[in-house]
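**Q** Got model19.txt for you, compact mmCIF, C-alpha atoms and all ligand atoms:
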# COMPACT_ATOMS: atom_id res chain seq x y z
CA ASN A 1 -15.48 22.70 -18.54
CA ARG A 2 -15.22 19.06 -17.67
CA THR A 3 -18.55 17.46 -16.97
CA TYR A 4 -19.29 14.45 -14.84
CA ASP A 5 -22.89 13.63 -15.83
CA GLN A 6 -22.19 9.99 -16.60
CA SER A 7 -20.20 9.44 -13.39
CA GLU A 8 -23.04 11.03 -11.45
CA ALA A 9 -25.61 8.78 -13.10
CA TYR A 10 -23.50 5.67 -12.45
CA TYR A 11 -22.90 6.72 -8.87
CA ARG A 12 -26.63 7.16 -8.22
CA GLU A 13 -27.26 3.72 -9.63
CA ALA A 14 -24.26 2.20 -7.83
CA CYS A 15 -25.62 3.49 -4.54
CA GLU A 16 -28.84 1.58 -5.23
CA TYR A 17 -27.04 -1.74 -5.51
CA ILE A 18 -23.63 -1.50 -3.87
CA VAL A 19 -23.23 -0.43 -0.31
CA GLY A 20 -22.03 3.17 -0.31
CA GLY A 21 -21.71 2.93 -4.10
CA VAL A 22 -18.14 1.65 -3.77
CA ASN A 23 -16.40 -1.67 -3.23
CA SER A 24 -13.79 -0.29 -0.86
CA PRO A 25 -14.43 2.66 1.44
CA SER A 26 -11.21 4.42 0.45
CA ARG A 27 -12.65 4.88 -3.06
CA SER A 28 -15.45 7.10 -1.78
CA TYR A 29 -14.83 10.83 -1.49
CA LYS A 30 -16.02 10.86 2.11
CA ALA A 31 -12.59 11.85 3.46
CA VAL A 32 -12.48 14.86 1.13
CA GLY A 33 -15.87 16.22 2.05
CA GLY A 34 -17.99 14.01 -0.19
CA GLY A 35 -18.88 14.19 -3.86
CA THR A 36 -19.22 11.85 -6.78
CA PRO A 37 -16.24 9.59 -7.36
CA VAL A 38 -15.24 9.45 -11.01
CA PHE A 39 -16.14 6.19 -12.72
CA ILE A 40 -13.30 4.93 -14.87
CA LYS A 41 -13.85 2.91 -17.99
CA ARG A 42 -10.37 2.62 -19.46
CA ALA A 43 -6.73 3.06 -18.53
CA GLU A 44 -3.47 3.00 -20.40
CA GLY A 45 0.02 3.91 -19.29
CA ALA A 46 -0.13 6.89 -16.95
CA TYR A 47 -3.69 7.81 -17.91
CA LEU A 48 -7.25 7.03 -16.92
CA TRP A 49 -10.39 7.92 -18.88
CA ASP A 50 -13.69 8.28 -17.09
CA VAL A 51 -17.16 7.49 -18.41
CA ASP A 52 -17.63 11.14 -19.45
CA GLY A 53 -14.49 10.99 -21.59
CA ASN A 54 -12.31 13.07 -19.24
CA ARG A 55 -8.66 12.08 -19.17
CA TYR A 56 -6.58 11.97 -15.98
CA ILE A 57 -2.89 11.66 -15.28
CA ASP A 58 -3.04 8.98 -12.63
CA TYR A 59 -1.07 9.05 -9.38
CA LEU A 60 -3.45 6.79 -7.47
CA GLY A 61 -1.92 3.76 -9.16
CA ALA A 62 -4.88 1.76 -7.83
CA PHE A 63 -3.51 2.39 -4.30
CA GLY A 64 -0.11 1.00 -5.18
CA PRO A 65 -0.12 -2.00 -7.51
CA ILE A 66 0.23 -0.10 -10.78
CA ILE A 67 3.95 0.57 -11.13
CA THR A 68 4.38 -0.44 -14.78
CA GLY A 69 1.52 1.84 -15.82
CA HIS A 70 -1.92 0.64 -16.78
CA ALA A 71 -2.37 -2.08 -19.37
CA HIS A 72 1.34 -2.63 -19.87
CA PRO A 73 1.56 -4.63 -23.12
CA HIS A 74 3.85 -7.29 -21.65
CA ILE A 75 1.46 -7.94 -18.77
CA THR A 76 -1.64 -7.75 -20.96
CA GLN A 77 -0.15 -10.34 -23.28
CA ALA A 78 0.79 -12.64 -20.42
CA ILE A 79 -2.75 -12.51 -19.04
CA ALA A 80 -4.30 -13.12 -22.46
CA GLU A 81 -2.01 -16.07 -23.18
CA GLN A 82 -2.72 -17.62 -19.81
CA ALA A 83 -6.48 -17.04 -20.08
CA ALA A 84 -6.50 -19.04 -23.29
CA LYS A 85 -4.82 -21.92 -21.44
CA GLY A 86 -7.33 -21.88 -18.59
CA THR A 87 -7.75 -19.63 -15.59
CA LEU A 88 -7.81 -22.08 -12.71
CA TYR A 89 -6.86 -25.72 -12.30
CA GLY A 90 -6.93 -26.43 -8.57
CA THR A 91 -3.60 -28.22 -8.95
CA PRO A 92 0.01 -27.15 -8.60
CA THR A 93 1.43 -25.42 -11.68
CA PRO A 94 4.88 -24.65 -13.11
CA LEU A 95 3.98 -20.95 -12.88
CA GLU A 96 3.94 -20.97 -9.10
CA VAL A 97 7.34 -22.64 -8.96
CA LYS A 98 8.75 -20.05 -11.33
CA PHE A 99 7.25 -17.12 -9.44
CA ALA A 100 8.21 -18.40 -5.98
CA LYS A 101 11.79 -18.75 -7.25
CA MET A 102 11.77 -15.21 -8.66
CA LEU A 103 10.51 -13.83 -5.37
CA ARG A 104 13.08 -15.67 -3.25
CA GLU A 105 15.86 -14.56 -5.55
CA ALA A 106 14.74 -10.96 -5.08
CA ILE A 107 14.00 -11.22 -1.35
CA PRO A 108 16.23 -13.89 0.23
CA SER A 109 14.37 -13.99 3.58
CA LEU A 110 11.46 -15.65 1.75
CA GLU A 111 12.90 -19.11 2.22
CA LYS A 112 9.41 -20.58 1.79
CA ILE A 113 6.42 -18.84 0.24
CA ARG A 114 2.66 -19.24 -0.04
CA PHE A 115 0.47 -17.42 -2.52
CA VAL A 116 -2.90 -16.09 -1.42
CA ASN A 117 -5.30 -13.56 -2.95
CA SER A 118 -4.91 -10.28 -1.10
CA GLY A 119 -2.67 -8.36 1.23
CA THR A 120 -5.26 -8.83 3.95
CA GLU A 121 -5.00 -12.61 3.69
CA ALA A 122 -1.22 -12.52 3.57
CA VAL A 123 -0.87 -10.46 6.76
CA MET A 124 -3.64 -12.34 8.54
CA THR A 125 -1.87 -15.61 7.88
CA THR A 126 1.57 -14.44 8.95
CA ILE A 127 0.03 -13.64 12.33
CA ARG A 128 -1.54 -17.06 12.61
CA VAL A 129 1.75 -18.71 11.72
CA ALA A 130 3.67 -16.54 14.19
CA ARG A 131 1.19 -17.46 16.90
CA ALA A 132 1.52 -21.14 16.04
CA TYR A 133 5.31 -20.95 16.03
CA THR A 134 5.69 -19.00 19.28
CA ASN A 135 2.64 -20.37 21.08
CA ARG A 136 1.84 -16.78 22.10
CA THR A 137 -1.15 -14.59 21.20
CA LYS A 138 -0.36 -10.88 21.33
CA ILE A 139 0.96 -8.68 18.55
CA ILE A 140 2.51 -5.23 18.58
CA LYS A 141 1.75 -2.90 15.70
CA PHE A 142 2.40 0.75 14.97
CA ALA A 143 -0.33 3.36 15.14
CA GLY A 144 -1.79 4.36 11.81
CA CYS A 145 -0.31 1.45 9.89
CA TYR A 146 -2.93 -0.40 7.90
CA HIS A 147 -2.50 -4.14 7.54
CA GLY A 148 -5.72 -5.15 5.83
CA HIS A 149 -9.18 -5.65 7.24
CA SER A 150 -8.86 -8.81 9.32
CA ASP A 151 -10.06 -8.46 12.92
CA LEU A 152 -6.73 -8.40 14.66
CA VAL A 153 -5.11 -5.63 12.67
CA LEU A 154 -8.10 -3.33 12.38
CA VAL A 155 -7.23 -1.77 15.68
CA ALA A 156 -5.94 1.78 15.41
CA ALA A 157 -5.37 1.11 11.72
CA GLY A 158 -4.64 3.76 9.13
CA SER A 159 -5.60 4.29 5.54
CA GLY A 160 -8.93 2.53 5.59
CA PRO A 161 -10.60 3.41 8.85
CA SER A 162 -8.75 6.48 9.98
CA THR A 163 -9.46 8.42 6.82
CA LEU A 164 -13.07 7.92 7.80
CA GLY A 165 -12.32 8.95 11.34
CA ILE A 166 -13.15 5.54 12.80
CA PRO A 167 -10.38 4.33 15.09
CA ASP A 168 -11.75 0.78 15.20
CA SER A 169 -14.32 -1.11 13.23
CA ALA A 170 -17.62 -2.20 14.66
CA GLY A 171 -17.95 -5.95 14.78
CA ILE A 172 -14.54 -6.67 16.26
CA PRO A 173 -14.75 -8.35 19.66
CA HIS A 174 -13.17 -6.48 22.55
CA SER A 175 -11.28 -9.67 23.41
CA ILE A 176 -9.51 -9.57 20.05
CA ALA A 177 -8.59 -5.89 20.30
CA GLN A 178 -6.99 -6.72 23.64
CA GLU A 179 -4.48 -8.93 21.88
CA VAL A 180 -3.07 -5.92 20.03
CA ILE A 181 -0.66 -3.40 21.43
CA THR A 182 -0.26 -0.24 19.39
CA VAL A 183 2.70 2.09 19.68
CA PRO A 184 3.71 5.21 17.72
CA PHE A 185 6.07 4.63 14.78
CA ASN A 186 9.61 5.95 15.19
CA ASP A 187 9.14 6.08 18.96
CA LEU A 188 11.69 3.71 20.42
CA ALA A 189 10.92 4.54 24.06
CA SER A 190 7.26 3.57 23.62
CA PHE A 191 8.22 0.39 21.83
CA GLU A 192 10.69 -0.52 24.52
CA GLU A 193 8.05 0.02 27.17
CA ALA A 194 5.55 -2.16 25.29
CA ILE A 195 7.96 -5.00 24.67
CA THR A 196 9.23 -4.85 28.26
CA THR A 197 5.70 -4.99 29.64
CA TRP A 198 4.21 -7.60 27.31
CA GLY A 199 7.30 -9.24 25.82
CA GLU A 200 6.72 -12.83 26.89
CA GLU A 201 3.19 -12.77 25.47
CA VAL A 202 4.05 -11.20 22.12
CA ALA A 203 4.01 -13.54 19.12
CA ALA A 204 5.09 -10.91 16.62
CA VAL A 205 5.79 -7.30 15.92
CA LEU A 206 4.05 -6.24 12.74
CA VAL A 207 5.93 -3.56 10.84
CA GLU A 208 5.49 -1.52 7.68
CA PRO A 209 9.28 -1.10 7.27
CA ILE A 210 8.75 1.99 5.12
CA VAL A 211 5.32 3.27 5.98
CA GLY A 212 2.83 3.82 3.18
CA ASN A 213 -0.36 4.18 5.15
CA PHE A 214 -0.07 7.58 6.75
CA GLY A 215 1.82 8.76 3.76
CA ILE A 216 5.38 7.79 2.95
CA VAL A 217 7.31 7.75 6.22
CA MET A 218 10.83 6.40 6.57
CA PRO A 219 12.01 4.69 9.73
CA GLU A 220 14.51 6.86 11.58
CA PRO A 221 18.09 5.53 11.50
CA GLY A 222 18.47 2.73 14.00
CA PHE A 223 14.78 2.50 14.88
CA LEU A 224 13.99 -0.77 13.16
CA GLU A 225 17.32 -2.29 14.16
CA GLU A 226 16.37 -1.75 17.80
CA VAL A 227 12.84 -3.06 17.21
CA HIS A 228 14.36 -6.22 15.77
CA ARG A 229 16.83 -6.59 18.63
CA LEU A 230 14.34 -6.01 21.44
CA ALA A 231 11.66 -8.22 19.88
CA HIS A 232 14.05 -11.09 19.31
CA GLN A 233 15.43 -10.73 22.81
CA LYS A 234 11.91 -11.49 24.06
CA GLY A 235 11.35 -14.31 21.60
CA ALA A 236 8.86 -12.37 19.46
CA LEU A 237 9.01 -12.60 15.68
CA ILE A 238 9.33 -9.70 13.27
CA ILE A 239 6.80 -9.60 10.45
CA TYR A 240 7.28 -7.08 7.68
CA ASP A 241 4.14 -5.97 5.90
CA GLU A 242 5.58 -5.21 2.47
CA VAL A 243 2.20 -5.16 0.73
CA ILE A 244 2.90 -1.62 -0.49
CA THR A 245 6.69 -1.64 -0.40
CA ALA A 246 7.66 -4.88 -2.15
CA PHE A 247 9.07 -3.93 -5.58
CA ARG A 248 7.96 -0.30 -5.13
CA PHE A 249 11.39 1.15 -4.32
CA THR A 250 13.79 -1.44 -5.63
CA TYR A 251 13.69 -4.84 -7.26
CA GLY A 252 12.98 -6.51 -3.92
CA GLY A 253 11.54 -5.34 -0.64
CA ALA A 254 12.13 -2.44 1.69
CA GLN A 255 14.12 -5.05 3.62
CA ASN A 256 16.70 -5.11 0.82
CA ILE A 257 17.10 -1.36 1.08
CA LEU A 258 17.19 -1.29 4.88
CA GLN A 259 19.39 -4.38 4.97
CA LEU A 260 17.26 -6.00 7.65
CA GLU A 261 15.84 -9.52 7.64
CA PRO A 262 12.40 -10.07 9.08
CA ASP A 263 11.28 -13.53 10.16
CA MET A 264 8.25 -13.31 7.90
CA THR A 265 7.04 -11.02 5.13
CA ALA A 266 3.59 -10.31 3.72
CA MET A 267 3.20 -8.99 0.19
CA GLY A 268 0.51 -8.09 -2.34
CA LYS A 269 -0.25 -5.24 -4.77
CA ILE A 270 2.67 -4.93 -7.23
CA ILE A 271 3.47 -8.66 -7.28
CA GLY A 272 0.10 -9.29 -8.94
CA GLY A 273 0.81 -6.95 -11.86
CA GLY A 274 -2.63 -5.39 -11.31
CA THR A 275 -4.53 -8.60 -10.59
CA PRO A 276 -5.63 -9.92 -7.19
CA ILE A 277 -2.78 -11.48 -5.25
CA GLY A 278 -1.13 -11.81 -1.89
CA ALA A 279 1.85 -13.81 -0.74
CA TYR A 280 3.58 -14.49 2.50
CA GLY A 281 6.78 -16.21 3.37
CA GLY A 282 9.73 -16.35 5.66
CA LYS A 283 12.22 -18.50 7.45
CA LYS A 284 11.91 -22.18 6.67
CA ALA A 285 11.43 -23.36 10.26
CA ILE A 286 8.61 -20.86 10.79
CA MET A 287 6.88 -21.48 7.48
CA GLU A 288 6.92 -25.21 8.13
CA GLN A 289 4.17 -24.55 10.67
CA VAL A 290 1.83 -24.21 7.69
CA ALA A 291 -0.39 -27.11 6.54
CA PRO A 292 0.17 -29.65 5.05
CA LEU A 293 3.56 -29.70 6.82
CA GLY A 294 2.44 -28.22 10.10
CA PRO A 295 -0.56 -27.49 12.30
CA ALA A 296 -1.31 -23.91 11.15
CA TYR A 297 -4.07 -24.04 8.55
CA GLN A 298 -4.31 -21.80 5.51
CA ALA A 299 -5.88 -22.64 2.17
CA GLY A 300 -7.46 -21.03 -0.89
CA THR A 301 -9.43 -22.08 -3.96
CA MET A 302 -8.00 -19.13 -5.88
CA ALA A 303 -4.57 -19.18 -4.22
CA GLY A 304 -1.79 -19.12 -6.79
CA ASN A 305 -4.28 -18.75 -9.61
CA PRO A 306 -2.57 -18.84 -13.00
CA LEU A 307 -3.88 -15.46 -14.18
CA SER A 308 -2.43 -13.58 -11.22
CA LEU A 309 0.85 -15.46 -11.39
CA ALA A 310 1.23 -14.86 -15.12
CA ALA A 311 0.55 -11.17 -14.55
CA GLY A 312 2.90 -11.07 -11.57
CA ILE A 313 5.76 -12.75 -13.40
CA ALA A 314 5.32 -10.41 -16.37
CA CYS A 315 5.27 -7.40 -14.05
CA LEU A 316 8.52 -8.42 -12.38
CA GLU A 317 10.08 -9.04 -15.78
CA VAL A 318 9.25 -5.45 -16.72
CA LEU A 319 10.68 -4.17 -13.44
CA GLN A 320 13.92 -6.08 -14.02
CA GLU A 321 14.72 -3.80 -16.94
CA LYS A 322 17.74 -1.66 -16.20
CA GLY A 323 17.08 1.83 -14.90
CA THR A 324 13.51 1.23 -13.71
CA TYR A 325 13.94 2.49 -10.18
CA ALA A 326 16.38 5.26 -11.08
CA TYR A 327 13.76 6.55 -13.54
CA LEU A 328 11.03 6.52 -10.89
CA ASP A 329 13.36 8.27 -8.45
CA ARG A 330 14.24 10.97 -10.97
CA LEU A 331 10.60 11.71 -11.80
CA GLY A 332 9.74 11.65 -8.09
CA GLN A 333 12.45 14.18 -7.40
CA LYS A 334 11.27 16.42 -10.21
CA LEU A 335 7.72 16.31 -8.87
CA GLU A 336 8.84 16.96 -5.30
CA GLU A 337 11.06 19.90 -6.25
CA GLY A 338 8.39 21.37 -8.48
CA ILE A 339 5.71 21.20 -5.81
CA HIS A 340 8.10 22.69 -3.25
CA GLN A 341 8.90 25.62 -5.50
CA LEU A 342 5.24 26.32 -6.19
CA ALA A 343 4.38 26.01 -2.50
CA GLN A 344 6.97 28.70 -1.77
CA GLN A 345 5.76 30.88 -4.58
CA PHE A 346 2.15 30.76 -3.38
CA SER A 347 2.96 30.55 0.35
CA ILE A 348 1.24 27.20 0.80
CA PRO A 349 2.51 25.34 3.89
CA VAL A 350 3.46 21.89 2.63
CA THR A 351 5.66 19.08 3.82
CA ILE A 352 6.60 16.48 1.24
CA ASN A 353 7.72 13.03 2.27
CA ARG A 354 9.19 11.19 -0.68
CA PHE A 355 11.07 8.01 -1.24
CA LYS A 356 11.96 7.25 -4.87
CA GLY A 357 8.81 7.28 -7.00
CA ALA A 358 6.32 7.67 -4.15
CA LEU A 359 5.52 10.81 -2.23
CA THR A 360 2.97 12.38 0.05
CA VAL A 361 2.10 16.07 0.21
CA TYR A 362 0.93 17.12 3.67
CA PHE A 363 -0.60 20.52 4.28
CA GLY A 364 -0.03 22.65 7.36
CA VAL A 365 2.47 20.48 9.24
CA ASP A 366 6.23 20.91 9.56
CA GLN A 367 7.26 17.28 9.62
CA VAL A 368 5.65 13.87 9.53
CA LYS A 369 7.39 11.00 11.25
CA ASN A 370 4.42 9.20 12.76
CA TYR A 371 0.66 8.93 12.48
CA GLU A 372 -0.02 11.70 14.96
CA ASP A 373 1.89 14.16 12.77
CA ALA A 374 0.05 13.01 9.64
CA ALA A 375 -3.32 13.27 11.38
CA LYS A 376 -2.60 16.93 12.14
CA SER A 377 -2.24 17.79 8.46
CA ASP A 378 -5.00 20.06 7.23
CA ASP A 379 -8.11 18.23 5.99
CA ARG A 380 -9.70 21.26 4.40
CA LEU A 381 -6.64 22.30 2.41
CA PHE A 382 -6.14 18.74 1.24
CA ALA A 383 -9.77 18.38 0.19
CA THR A 384 -9.62 21.61 -1.82
CA PHE A 385 -6.32 20.55 -3.35
CA PHE A 386 -7.63 17.09 -4.27
CA LYS A 387 -10.74 18.48 -5.95
CA GLY A 388 -8.82 21.22 -7.72
CA MET A 389 -6.39 18.69 -9.13
CA LEU A 390 -9.17 16.34 -10.20
CA LYS A 391 -10.88 19.14 -12.13
CA GLN A 392 -7.64 19.67 -14.02
CA GLY A 393 -7.27 16.05 -14.88
CA ILE A 394 -4.97 14.81 -12.14
CA ASN A 395 -6.19 11.77 -10.23
CA LEU A 396 -4.88 11.49 -6.67
CA ALA A 397 -6.03 9.27 -3.81
CA PRO A 398 -8.98 10.92 -2.06
CA SER A 399 -7.20 10.87 1.30
CA LYS A 400 -4.56 13.03 2.92
CA TYR A 401 -2.88 9.86 4.19
CA GLU A 402 -2.09 8.31 0.83
CA ALA A 403 0.90 8.50 -1.46
CA TRP A 404 1.23 9.64 -5.05
CA PHE A 405 2.60 6.70 -7.01
CA LEU A 406 4.64 7.23 -10.14
CA THR A 407 4.83 4.58 -12.82
CA ILE A 408 7.41 3.86 -15.48
CA ARG A 409 4.92 5.17 -18.04
CA HIS A 410 4.78 8.68 -16.55
CA THR A 411 6.90 11.05 -18.62
CA ASP A 412 8.66 14.34 -17.95
CA GLN A 413 5.84 15.99 -19.85
CA ASP A 414 3.27 14.37 -17.54
CA VAL A 415 5.13 15.70 -14.53
CA GLU A 416 5.32 19.18 -16.09
CA ASP A 417 1.58 19.11 -16.86
CA THR A 418 0.96 18.00 -13.29
CA LEU A 419 3.01 20.89 -11.93
CA GLN A 420 0.98 23.31 -14.04
CA ALA A 421 -2.16 21.90 -12.40
CA VAL A 422 -0.51 22.22 -8.98
CA ALA A 423 0.28 25.88 -9.73
CA ASN A 424 -3.32 26.58 -10.70
CA THR A 425 -4.64 24.77 -7.64
CA PHE A 426 -2.21 26.49 -5.26
CA LYS A 427 -3.40 29.83 -6.64
CA THR A 428 -6.91 28.99 -5.44
CA LEU A 429 -5.61 27.54 -2.22
CA ALA A 430 -3.61 30.68 -1.42
CA ALA A 431 -6.90 32.43 -0.69
CA GLN A 432 -7.66 29.82 1.99
CA VAL A 433 -4.46 29.84 4.03
N1 LIG A 501 -0.94 -4.08 4.19
C1 LIG A 501 -0.67 -2.87 3.72
C2 LIG A 501 0.59 -2.19 4.12
C3 LIG A 501 -1.57 -2.25 2.83
O1 LIG A 501 -1.30 -1.02 2.38
C4 LIG A 501 -2.75 -2.93 2.45
C5 LIG A 501 -3.74 -2.33 1.47
N2 LIG A 501 -3.73 -0.98 1.33
C6 LIG A 501 -2.98 -4.20 2.96
C7 LIG A 501 -2.06 -4.75 3.83
C8 LIG A 501 -4.19 -4.98 2.57
O2 LIG A 501 -4.09 -5.43 1.25
P1 LIG A 501 -5.40 -5.79 0.41
O3 LIG A 501 -6.14 -4.52 0.20
O4 LIG A 501 -4.86 -6.40 -0.83
O5 LIG A 501 -6.18 -6.77 1.21
Now, as a test, write the supplied structure out as structure tokens.

**A**
Amino acid sequence: NRTYDQSEAYYREACEYIVGGVNSPSRSYKAVGGGTPVFIKRAEGAYLWDVDGNRYIDYLGAFGPIITGHAHPHITQAIAEQAAKGTLYGTPTPLEVKFAKMLREAIPSLEKIRFVNSGTEAVMTTIRVARAYTNRTKIIKFAGCYHGHSDLVLVAAGSGPSTLGIPDSAGIPHSIAQEVITVPFNDLASFEEAITTWGEEVAAVLVEPIVGNFGIVMPEPGFLEEVHRLAHQKGALIIYDEVITAFRFTYGGAQNILQLEPDMTAMGKIIGGGTPIGAYGGKKAIMEQVAPLGPAYQAGTMAGNPLSLAAGIACLEVLQEKGTYAYLDRLGQKLEEGIHQLAQQFSIPVTINRFKGALTVYFGVDQVKNYEDAAKSDDRLFATFFKGMLKQGINLAPSKYEAWFLTIRHTDQDVEDTLQAVANTFKTLAAQV
């Protein structure tokens, strides 16, 4: 007996003024068969409240940034204190020194860093710098991986466009798309063929080291090691897109876990503590291509803005607390095991890919190791599942390609309540399979 009258009214009005009624296409419910997205007016800890007063246990986590839970008091205080001291100076600040140091200590390959305002900007700039450094133009990326909405990477991208069934975006010149070679993830033979064919023209290989954009997908043992070796053999750089993964699985990047060092890394999401941020960095010699030291230009009025840095520093301070990632892992495991059990009980065909506190539930496929597998997962079952969960107060991403993100504010009780909702939803779903 939840009602959505206020959300519906806001959505009608939003559609009058905002294109599609949303400020990012992944927020619409288009990929789950349409409907009114819930309009949220408040969030705290693991919960969201919509404009009709309905409460949700949140696993969207704002598509990844929210790992400390919403409105974490330490972060809220840091933002408030900084706001009172001014939000933007257009000068260097002690905050950026402090934060850059924290990031390099956590991720040693970030010998030099730049702060920008979004993951899109961070990735876009790593490519420019790689091109400047290598004096080459092409990049290799993996099918279904999303790297933001800049021209070059919006070719066979994932979470944004492919949920909408658009392989490319309109408005991207054919000549630009031709600079991008796309190969399936976890497919070494295809990568080897691509790098053998195009090697001398490839500036960089762009990698989500642990994929988050067609669900959570781990690299198979040895895969990335070979990608590194073959790319470097041809003089191409390795760029890790850790926009989702940085500080999601450990205090550091996926690179810390995989024990691999990319030449450059792009970050965003968590490092802003829920405020807009991006950052990129890498080996000193490569980063010295960037202006004012070098010829590769990148700038930003809002870059390194004090509010985002204060929030980011506070967020990392929270994550430094002992037991953070073990807690997320334990809750993730509890959720995974619970969903598995219920799937068996109700004969729902699910595959769950989980790493620590992030997981994806795919319907109707046996395994997911690349985008093709994920694409085959059942749209209809997912859509029904998503809407069933929403009605019971569980907020998931409205896309079969996204992850559920746990936060340190989720409790065992939240997970148990979630599993009750899963049981109820699977009961309905059982009639459909
Ligand atoms: N890279 C990856 C891996 C991402 O998941 C995203 C966003 N989902 C981006 C880049 C782009 O980041 P932003 O939305 O902050 O521009």

**Q** In terms of the shortest atom-to-atom distance over all atoms listed in the file, which of A:Ile277, A:Ala9, A:Ile176, A:Ile113 is closest to ligand LIG 501 (chain A)?

**A**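 Ranking A:Ile277, A:Ala9, A:Ile176, A:Ile113 by distance to ligand LIG 501 (chain A), first place goes to A:Ile277.
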
**Q** Mind checking which residues fall within 6 Å of range 138-140 of chain A, counting all atoms listed in the file, ignoring those fewer than 6 positions away in the same chain, and posting them as a compact mmCIF listing (two decimals) with C-alpha atoms, in the coordinates of the input?

**A**
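Final file, result_37.txt:
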# COMPACT_ATOMS: atom_id res chain seq x y z
CA GLU A 179 -4.48 -8.93 21.88
CA VAL A 180 -3.07 -5.92 20.03
CA ILE A 181 -0.66 -3.40 21.43
CA THR A 182 -0.26 -0.24 19.39
CA GLU A 201 3.19 -12.77 25.47
CA VAL A 202 4.05 -11.20 22.12
CA ALA A 203 4.01 -13.54 19.12
CA ALA A 204 5.09 -10.91 16.62
CA VAL A 205 5.79 -7.30 15.92

**Q** Per residue of chain A within 6 Å of ligand LIG 501 (chain A), note the shortest atom pair and the distance in Å to one decimal, counting only C-alpha atoms and all ligand atoms, and order the rows by chain and increasing residue number, as JSON lines.

**A**
{"residue": "A:Ser118", "atom": "CA", "partner": "A:LIG501", "partner_atom": "O4", "distance": 3.9}
{"residue": "A:Gly119", "atom": "CA", "partner": "A:LIG501", "partner_atom": "O2", "distance": 3.3}
{"residue": "A:Thr120", "atom": "CA", "partner": "A:LIG501", "partner_atom": "O5", "distance": 3.5}
{"residue": "A:Tyr146", "atom": "CA", "partner": "A:LIG501", "partner_atom": "C1", "distance": 5.4}
{"residue": "A:His147", "atom": "CA", "partner": "A:LIG501", "partner_atom": "N1", "distance": 3.7}
{"residue": "A:Gly148", "atom": "CA", "partner": "A:LIG501", "partner_atom": "C8", "distance": 3.6}
{"residue": "A:Asn213", "atom": "CA", "partner": "A:LIG501", "partner_atom": "O1", "distance": 6.0}
{"residue": "A:Asp241", "atom": "CA", "partner": "A:LIG501", "partner_atom": "C2", "distance": 5.5}
{"residue": "A:Val243", "atom": "CA", "partner": "A:LIG501", "partner_atom": "C1", "distance": 4.7}
{"residue": "A:Ile244", "atom": "CA", "partner": "A:LIG501", "partner_atom": "O1", "distance": 5.1}
{"residue": "A:Gly268", "atom": "CA", "partner": "A:LIG501", "partner_atom": "O4", "distance": 5.8}

**Q** Quick one: pull the distance between CA of Thr93 in chain A and CA of Gln298 in chain A, Å, one decimal.

**A**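 Atom-to-atom, CA of Thr93 in chain A and CA of Gln298 in chain A are spaced 18.5 Å apart.
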
**Q** What does the distance between CA of Lys30 in chain A and CA of Ala383 in chain A come to in Å, to one decimal place?

**A**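 Between CA of Lys30 in chain A and CA of Ala383 in chain A the gap is 10.0 Å.
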
**Q** Pick the closest to Thr411 in chain A from A:Phe426, A:Tyr47, A:Trp198, A:Phe185: which is it, counting only C-alpha atoms?

**A** A:Tyr47

**Q** Take CA of Leu260 in chain A and CA of Gly272 in chain A and report the distance between them in Å, one decimal.

**A**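 Separating CA of Leu260 in chain A from CA of Gly272 in chain A is a distance of 24.1 Å.
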
**Q** Mind listing whatever residues come within 8 Å of the point (-14.1, 7.3, -7.9)? Use only C-alpha atoms, file coordinates, and give them as a PyMOL selection string.

**A** chain A and resi 27-29+36-40

**Q** Using all atoms listed in the file, pick whichever of A:Lys112, A:Arg354, A:His174, A:Lys234 has the shortest atom-to-atom distance to Glu288 in chain A.

**A** A:Lys112

**Q** Given only C-alpha atoms as the basis, pick out the residue of A:Glu192, A:Glu81, A:Glu261, A:Glu317 nearest to Phe247 in chain A.

**A** A:Glu317

**Q** With distances taken over all atoms listed in the file, which of A:Thr360, A:Ser190, A:Ser109, A:Thr68 is nearest to Glu402 in chain A?

**A**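 Ranking A:Thr360, A:Ser190, A:Ser109, A:Thr68 by distance to Glu402 in chain A, first place goes to A:Thr360.
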
**Q** Under the rule that all atoms listed in the file are counted, which of A:Ile57, A:Thr137, A:Thr196, A:Lys322 is the nearest residue to Ala421 in chain A?

**A**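 Result for the nearest residue to Ala421 in chain A: A:Ile57.
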
**Q** Excluding Ser150 in chain A and residues on its chain fewer than 4 positions from it, collect all residues at most 9 Å away from it, counting only C-alpha atoms, and give them as a compact mmCIF listing (two decimals) with C-alpha atoms, in the frame of the given file.

**A**
# COMPACT_ATOMS: atom_id res chain seq x y z
CA THR A 120 -5.26 -8.83 3.95
CA GLU A 121 -5.00 -12.61 3.69
CA VAL A 123 -0.87 -10.46 6.76
CA MET A 124 -3.64 -12.34 8.54
CA LEU A 154 -8.10 -3.33 12.38
